[in-house]
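A.B. asks: I'd like to ask you about the structure that follows.
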Amino acid sequence: IVSMILGLSFKFTYMGNAGRWFWAIAIIIGYAYSMSAVGLVFAKKFINGNYQSAKSYFLFGNLVLVLSYTIFSIISSLTEKEKLCLYIGDFLSIIPHFAFQRGFYGVLISSETYNDPELSLKEVLSWEYRVWFSCLMMYLVGSLCWCYLYKLTTVRPAPLKLKTEEQSSVHPVDVINKPDLLEEKERSLIDDEGINIRDIVKLFRSPQSDGSKSKKLILKNANKGISYGIRKNEIYGLLGPNGAGKTTAMNIMIGEFSPEHGEIALAGKKADGLCKDTRYLYSDCNVAYCPQFNTLFLKATCEEH
């Protein structure tokens with residue numbers, strides 16, 4: 001908005017005639033559209049799934065931009081083939097930073113005059129300036145990232161693929177000789193109402209201890225067959241030391257992880273490890289989840305929360 005206001009106020013060439021103003025606005029919006037999606041995907045996929053860490057992406061993004069321009073400059077200096085350089089630039093336009101500057105530069109050099117009567121929209125959109133192509137690449141990359149982000153946030157990761165010799169790790173522990181655990185398991189099987197976890201087994205592949213030189217990942221069992229049943233108007237405490245699997249069990253309930261064995265039941269609906277999307281469990285039930293980190297919105301009242 002600031003760029004548009006300044007451009008109109010001081011009659012900058014990118015807000016000039018022949019459709020330059022339209023394509024300048026489209027490029028600015030396309031940059032915001034693509035970069036917000038890329039930043040969120042980066043945060044979700046690579047920074048421990050923490051959306052608040054999306055701000056860290058911009059440093060990484062600037063490094064990518066500098067690297068792409070460095071590669072482009074080196075290749076341009078080593079060859080006199082102008083078309084080859086342009087094609088390399090076309091390829092690098094998959095990076096929103098690069099596409100933005102390339103498209104905006106095309107708008108700027110199409111004419112040095114704010115109101116150029118000899119300039120036409122056809123000339124602005126010519127392949128020479130790559131204006132429409134850069135804009136298209138930003139919206140295309142942005143759309144792909146938004147679709148991927150939707151998949152990341154709505155589809156549970158699939159259970160681990162286990163080797164034949166690892167299949168025994170999927171079986172829950174036998175609680176036949178542990179009356180308290182057996183009673184809780186039977187309680188979870190009474191019906192599908194309330195909140196129920198049944199024989200949940202969750203495995204992870206993790207690096208070996210710090211003292212080990214081997215880079216081979218080992219199989220760790222976070223939940224070995226946990227079961228519990230909670231009914232309406234009950235206060236239920238899930239206790240255990242650090243690393244006992246409490247958070248993992250809760251993350252399975254909310255769809256962050258898929259169990260290798262077992263199922264969950266919530267308000268009459270069930271889901272096992274093969275269910276990719278568990279949002280239907282919460283579609284028409286009165287159950288809420290409060291994670292370990294701060295979930296308060298500063299501008300919302302207690303009632304709004």
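Ordering of the structure tokens sets the chain letters (A, B, ...), residue numbers begin anew at 1 in every chain, and ligands are numbered from 1 in the order given.
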Leaving out stretch 161-177 of chain A and any residue of its chain fewer than 5 positions from it, which residues lie within 9 Å of it when counting only C-alpha atoms, given as a ChimeraX atom specification?
C.D. replies: /A:182,185,199-203,219,221,223-226,260-262
A.B. asks: Please report, as JSON lines, each residue of stretch 151-234 of chain A lying at most 6 Å from stretch 268-284 of chain A, together with the nearest pair of atoms and the separation in Å rounded to one decimal; use only C-alpha atoms, and order rows by chain and ascending residue number.
C.D. replies:
```
{"residue": "A:Val155", "atom": "CA", "partner": "A:Asp277", "partner_atom": "CA", "distance": 5.0}
{"residue": "A:Arg156", "atom": "CA", "partner": "A:Lys276", "partner_atom": "CA", "distance": 5.0}
{"residue": "A:Asp192", "atom": "CA", "partner": "A:Gly268", "partner_atom": "CA", "distance": 4.5}
{"residue": "A:Glu193", "atom": "CA", "partner": "A:Gly268", "partner_atom": "CA", "distance": 4.8}
```
A.B. asks: Would you save the residues of that selection, restricted to all heavy atoms, as a PDB file, in the first residue's frame?
C.D. replies:
```
ATOM      1  N   VAL A 155      -3.376 -33.310   7.308  1.00  0.00           N
ATOM      2  CA  VAL A 155      -3.161 -34.749   7.105  1.00  0.00           C
ATOM      3  C   VAL A 155      -2.117 -35.244   8.098  1.00  0.00           C
ATOM      4  O   VAL A 155      -1.020 -34.687   8.198  1.00  0.00           O
ATOM      5  CB  VAL A 155      -2.711 -35.045   5.662  1.00  0.00           C
ATOM      6  CG1 VAL A 155      -2.430 -36.531   5.496  1.00  0.00           C
ATOM      7  CG2 VAL A 155      -3.781 -34.592   4.678  1.00  0.00           C
ATOM      8  N   ARG A 156      -2.468 -36.282   8.845  1.00  0.00           N
ATOM      9  CA  ARG A 156      -1.504 -36.863   9.780  1.00  0.00           C
ATOM     10  C   ARG A 156      -0.387 -37.573   9.034  1.00  0.00           C
ATOM     11  O   ARG A 156      -0.626 -38.199   7.994  1.00  0.00           O
ATOM     12  CB  ARG A 156      -2.198 -37.888  10.686  1.00  0.00           C
ATOM     13  CG  ARG A 156      -3.142 -37.298  11.684  1.00  0.00           C
ATOM     14  CD  ARG A 156      -3.431 -38.283  12.806  1.00  0.00           C
ATOM     15  NE  ARG A 156      -3.980 -39.545  12.350  1.00  0.00           N
ATOM     16  CZ  ARG A 156      -4.247 -40.576  13.149  1.00  0.00           C
ATOM     17  NH1 ARG A 156      -4.016 -40.480  14.438  1.00  0.00           N
ATOM     18  NH2 ARG A 156      -4.762 -41.698  12.682  1.00  0.00           N
ATOM     19  N   ASP A 192     -17.737 -45.889  22.805  1.00  0.00           N
ATOM     20  CA  ASP A 192     -16.926 -44.882  22.118  1.00  0.00           C
ATOM     21  C   ASP A 192     -17.197 -43.465  22.620  1.00  0.00           C
ATOM     22  O   ASP A 192     -16.676 -42.499  22.051  1.00  0.00           O
ATOM     23  CB  ASP A 192     -17.187 -44.938  20.601  1.00  0.00           C
ATOM     24  CG  ASP A 192     -16.712 -46.241  19.987  1.00  0.00           C
ATOM     25  OD1 ASP A 192     -15.795 -46.853  20.560  1.00  0.00           O
ATOM     26  OD2 ASP A 192     -17.272 -46.643  18.944  1.00  0.00           O
ATOM     27  N   GLU A 193     -18.015 -43.339  23.635  1.00  0.00           N
ATOM     28  CA  GLU A 193     -18.307 -42.009  24.161  1.00  0.00           C
ATOM     29  C   GLU A 193     -17.149 -41.498  25.022  1.00  0.00           C
ATOM     30  O   GLU A 193     -16.305 -42.268  25.478  1.00  0.00           O
ATOM     31  CB  GLU A 193     -19.598 -42.041  24.992  1.00  0.00           C
ATOM     32  CG  GLU A 193     -20.830 -42.417  24.167  1.00  0.00           C
ATOM     33  CD  GLU A 193     -21.080 -41.476  23.012  1.00  0.00           C
ATOM     34  OE1 GLU A 193     -20.884 -40.256  23.191  1.00  0.00           O
ATOM     35  OE2 GLU A 193     -21.468 -41.937  21.927  1.00  0.00           O
TER      36      GLU A 193
END
```
A.B. asks: Between A:Tyr14, A:Phe204, A:Tyr33, A:Trp132, which has the minimum distance to A:Asp116 (counting only C-alpha atoms)?
C.D. replies: A:Tyr14
A.B. asks: So which bits of stretch 20-246 of chain A end up strand (DSSP E) when you DSSP the backbone, as a count of residues only?
C.D. replies: 25
A.B. asks: Any chance you could list, as a ChimeraX atom specification, the residues in stretch 18-238 of chain A that come up alpha helix (DSSP H) when DSSP is run on the backbone?
C.D. replies: /A:20-46,57-78,82-92,96-109,121-124,131-154,179-188
